[in-house]
Amino acid sequence: MLKSAISSTIHSIKLNHSTPGDKSLASSAIFWFSIAFIGHLIFVLYIVALYGVSLFEGDFERWNSMMPNGYTEGDIAGNINIGLHVILAAVISLGGPLQIIPKLRAWVPRFHRWNGRVYIGTAVIISLTGLYLTWIRGSAVGTFVMDIAISINAVLIILFAIIAIRFAIARNFTIHRKWALRLFMVVSGVWFFRVGLMLWLLIHQRPVGFDPVTFQGPFLTVLTFAQYLLPLLFLEIYFWAQERAGQTGKIGTAVLIAVLTIAMGAGIFGATMGMWLPNIY
Ligand code: HEM
């Protein structure tokens with residue numbers, strides 16, 4: 001009885017995966033992930049080259065080339081927070097994509113478990129240091145509403161991390177996978193912000209909808225919410241297409257993901273050329 005149930009489940013999964021809709025959805029997800037992975041790797045290179053190297057050399061003033069409120073003489077607690085924040089930024093931006101590669105998970109499950117623990121711990125600490133920098137030290141740029149938006153991002157990261165780990169401990173891997181992907185999206189929020197901003201600048205060729213000096217304006221307010229709400233929305237559309245949509249829904253979602261990936265790729269290109277590469281070399 002059990003044997004026949006398992007074999008029919010496997011059969012139906014195989015059938016499912018052989019439909020053109022499922023194939024195109026899977027290809028679009030791989031396309032999206034490959035470009036996002038490359039973008040995360042460049043971000044990690046940038047963090048290591050700028051903050052890692054200057055930390056190693058004791059040249060803390062260099063932090064302020066990209067942050068108005070980076071290193072502040074005499075503010076020991078603030079400097080420790082920002083130092084920890086940028087070190088963990090490299091750890092989480094590398095560990096996150098590695099965590100969701102299915103082949104790596106199957107090949108070295110122990111790595112997945114250990115990297116998962118590091119990822120969850122890092123997610124919580126980076127959010128707490130981010131909240132400290134936002135509300136206690138105070139950022140020199142942005143607005144109160146943007147601070148609220150990024151703080152919601154921090155709360156979602158901590159919440160999703162707890163939910164994802166609870167389902168992993170309960171060995172409910174179907175639900176765990178979903179929450180782990182939601183966690184990846186909210187953790188990548190600040191990365192999406194940089195990519196979205198540089199895509200916008202690439203399109204307009206000048207700052208539109210915000211002041212580049214005060215870093216305030218309607219575009220940036222919307223982007224600070226959109227950096228995690230839009231990825232979460234598109235992820236839910238992807239889950240829906242995978243589980244419930246017909247062929248048209250699956251193919252339509254695959255096309256949507258492909259178009260979004262091209263836009264994301266353009267934003268990564270803009271961020272790499274305008275922000276990250278000049279600090280790597
Ligand atoms: C979870 C993933 C996060 C990553 C990977 C990350 C990464 C970074 C990086 C690399 C910087 C240095 C600026 C740059 O070179 O671009 C930075 C600065 C900063 N981050 Fe985060 N961050 C994350 C989450 C957060 C959260 C959730 C908050 C707020 C609650 C936050 C608040 C800040 C603040 C206030 C600064 C300093 C900006 C300034 O004063 O100029 N970060 N972050």
# chains A, B, ... in the order shown; residues from 1 in each chain; ligands from 1
call {"tool": "residues_near_ligand", "arguments": {"ligand": "ligand 1", "cutoff": "8 Å", "atoms": "only C-alpha atoms and all ligand atoms", "output": "ChimeraX atom specification"}}
result
/A:43,46-47,50-51,63-64,66-70,82,85-86,88-90,92-93,123,126-134,138-141,147,150-155,157,186-191,194
call {"tool": "residues_around", "arguments": {"residues": "range 22-38 of chain A", "least_positions_apart": "2", "cutoff": "10 Å", "atoms": "only C-alpha atoms", "output": "count of residues only"}}
result
45
call {"tool": "closest_residue", "arguments": {"among": "A:Pro212, A:Gly142, A:Gly58, A:Gly196", "to": "Gly267 in chain A", "atoms": "only C-alpha atoms"}}
result
A:Gly196
call {"tool": "closest_residue", "arguments": {"among": "A:Tyr119, A:Phe210, A:Phe234, A:Trp200", "to": "Ala180 in chain A", "atoms": "only C-alpha atoms"}}
result
A:Tyr119
call {"tool": "closest_residue", "arguments": {"among": "A:Phe60, A:Phe215, A:Phe239, A:Tyr281", "to": "Met146 in chain A", "atoms": "only C-alpha atoms"}}
result
A:Phe215
call {"tool": "select_by_dssp", "arguments": {"residues": "range 80-233 of chain A", "states": "helix (DSSP H, G or I)", "output": "MDAnalysis selection string"}}
result
chainID A and resid 80:99 102:107 109:138 144:169 173:187 189:204 218:233
call {"tool": "write_last_selection", "arguments": {"atoms": "C-alpha atoms", "output": "compact mmCIF listing (two decimals), in the first residue's frame"}}
result
# COMPACT_ATOMS: atom_id res chain seq x y z
CA ILE A 80 32.08 47.94 16.60
CA ASN A 81 28.48 47.75 15.34
CA ILE A 82 29.29 48.99 11.85
CA GLY A 83 32.44 46.81 11.70
CA LEU A 84 30.46 43.71 12.70
CA HIS A 85 27.67 44.72 10.33
CA VAL A 86 29.90 44.86 7.23
CA ILE A 87 31.83 41.66 8.13
CA LEU A 88 28.52 39.80 8.54
CA ALA A 89 27.27 41.40 5.31
CA ALA A 90 29.99 39.48 3.43
CA VAL A 91 29.23 36.23 5.32
CA ILE A 92 25.47 36.39 4.68
CA SER A 93 25.75 37.49 1.04
CA LEU A 94 27.96 34.48 0.28
CA GLY A 95 26.26 31.96 2.56
CA GLY A 96 22.71 32.75 1.38
CA PRO A 97 23.03 31.78 -2.28
CA LEU A 98 25.12 28.69 -1.39
CA GLN A 99 22.33 27.58 0.92
CA PRO A 102 19.84 22.04 -4.47
CA LYS A 103 22.83 20.05 -5.83
CA LEU A 104 25.12 21.36 -3.07
CA ARG A 105 22.46 20.48 -0.49
CA ALA A 106 22.20 16.92 -1.77
CA TRP A 107 25.97 16.54 -2.25
CA PRO A 109 24.13 17.90 3.51
CA ARG A 110 26.41 18.61 6.50
CA PHE A 111 27.55 21.84 4.82
CA HIS A 112 23.89 22.80 4.35
CA ARG A 113 23.17 22.22 8.04
CA TRP A 114 26.22 24.15 9.29
CA ASN A 115 25.95 26.95 6.77
CA GLY A 116 22.24 27.14 7.69
CA ARG A 117 23.05 27.69 11.36
CA VAL A 118 25.66 30.36 10.50
CA TYR A 119 23.21 31.99 8.07
CA ILE A 120 20.37 32.18 10.61
CA GLY A 121 22.67 33.50 13.38
CA THR A 122 24.18 36.04 10.99
CA ALA A 123 20.74 37.14 9.81
CA VAL A 124 19.64 37.90 13.37
CA ILE A 125 22.88 39.69 14.40
CA ILE A 126 23.14 41.77 11.20
CA SER A 127 19.53 42.90 11.69
CA LEU A 128 20.17 43.87 15.32
CA THR A 129 23.34 45.80 14.40
CA GLY A 130 21.38 47.44 11.55
CA LEU A 131 18.65 48.50 14.01
CA TYR A 132 21.33 49.90 16.35
CA LEU A 133 22.91 51.88 13.50
CA THR A 134 19.52 53.18 12.36
CA TRP A 135 17.95 54.15 15.69
CA ILE A 136 20.74 54.58 18.25
CA ARG A 137 23.68 55.83 16.22
CA GLY A 138 21.41 57.39 13.59
CA PHE A 144 12.18 58.69 9.24
CA VAL A 145 9.87 56.75 6.91
CA MET A 146 12.88 55.07 5.25
CA ASP A 147 14.14 54.15 8.73
CA ILE A 148 10.75 52.57 9.48
CA ALA A 149 10.83 50.68 6.15
CA ILE A 150 14.32 49.21 6.74
CA SER A 151 13.35 48.36 10.33
CA ILE A 152 10.36 46.35 9.06
CA ASN A 153 12.90 44.59 6.81
CA ALA A 154 14.99 43.77 9.91
CA VAL A 155 11.95 42.45 11.82
CA LEU A 156 10.94 40.26 8.86
CA ILE A 157 14.48 38.83 8.64
CA ILE A 158 14.45 37.83 12.33
CA LEU A 159 10.88 36.48 12.08
CA PHE A 160 11.48 34.44 8.91
CA ALA A 161 14.78 33.10 10.32
CA ILE A 162 12.96 31.78 13.40
CA ILE A 163 10.15 30.24 11.32
CA ALA A 164 12.58 28.64 8.82
CA ILE A 165 14.69 27.05 11.55
CA ARG A 166 11.62 25.79 13.42
CA PHE A 167 10.35 23.93 10.35
CA ALA A 168 13.85 22.50 9.76
CA ILE A 169 13.97 21.21 13.36
CA PHE A 173 11.25 20.32 4.73
CA THR A 174 8.52 21.35 2.27
CA ILE A 175 7.48 24.29 4.45
CA HIS A 176 11.08 24.89 5.58
CA ARG A 177 12.14 25.37 1.92
CA LYS A 178 9.45 28.00 1.42
CA TRP A 179 10.40 30.00 4.51
CA ALA A 180 14.10 29.68 3.72
CA LEU A 181 13.43 31.21 0.29
CA ARG A 182 11.33 33.98 1.84
CA LEU A 183 14.21 34.60 4.27
CA PHE A 184 16.68 34.79 1.37
CA MET A 185 14.49 37.43 -0.29
CA VAL A 186 14.23 39.66 2.78
CA VAL A 187 17.92 39.23 3.63
CA GLY A 189 16.51 43.38 0.49
CA VAL A 190 19.46 45.77 0.91
CA TRP A 191 21.13 44.16 -2.11
CA PHE A 192 17.93 44.64 -4.15
CA PHE A 193 17.93 48.27 -2.99
CA ARG A 194 21.38 48.87 -4.49
CA VAL A 195 20.51 46.98 -7.68
CA GLY A 196 17.16 48.80 -8.02
CA LEU A 197 18.76 52.19 -7.43
CA MET A 198 21.47 51.62 -10.04
CA LEU A 199 18.91 50.31 -12.56
CA TRP A 200 16.90 53.52 -12.02
CA LEU A 201 20.02 55.65 -12.54
CA LEU A 202 20.97 53.63 -15.61
CA ILE A 203 17.52 54.24 -17.12
CA HIS A 204 17.37 57.97 -16.31
CA PRO A 218 9.74 59.75 -3.10
CA PHE A 219 11.65 57.27 -5.26
CA LEU A 220 13.92 56.21 -2.38
CA THR A 221 10.99 55.98 0.05
CA VAL A 222 9.16 53.62 -2.32
CA LEU A 223 12.36 51.67 -3.04
CA THR A 224 13.08 51.07 0.68
CA PHE A 225 9.70 49.29 1.00
CA ALA A 226 9.89 47.68 -2.44
CA GLN A 227 13.35 46.17 -1.75
CA TYR A 228 11.70 43.35 0.22
CA LEU A 229 7.97 43.58 -0.61
CA LEU A 230 8.40 43.12 -4.38
CA PRO A 231 10.77 40.12 -4.12
CA LEU A 232 8.35 38.53 -1.62
CA LEU A 233 5.41 39.14 -3.97
call {"tool": "closest_residue", "arguments": {"among": "A:Tyr71, A:Asn172, A:Thr143, A:Thr272", "to": "Asp211 in chain A", "atoms": "only C-alpha atoms"}}
result
A:Thr143
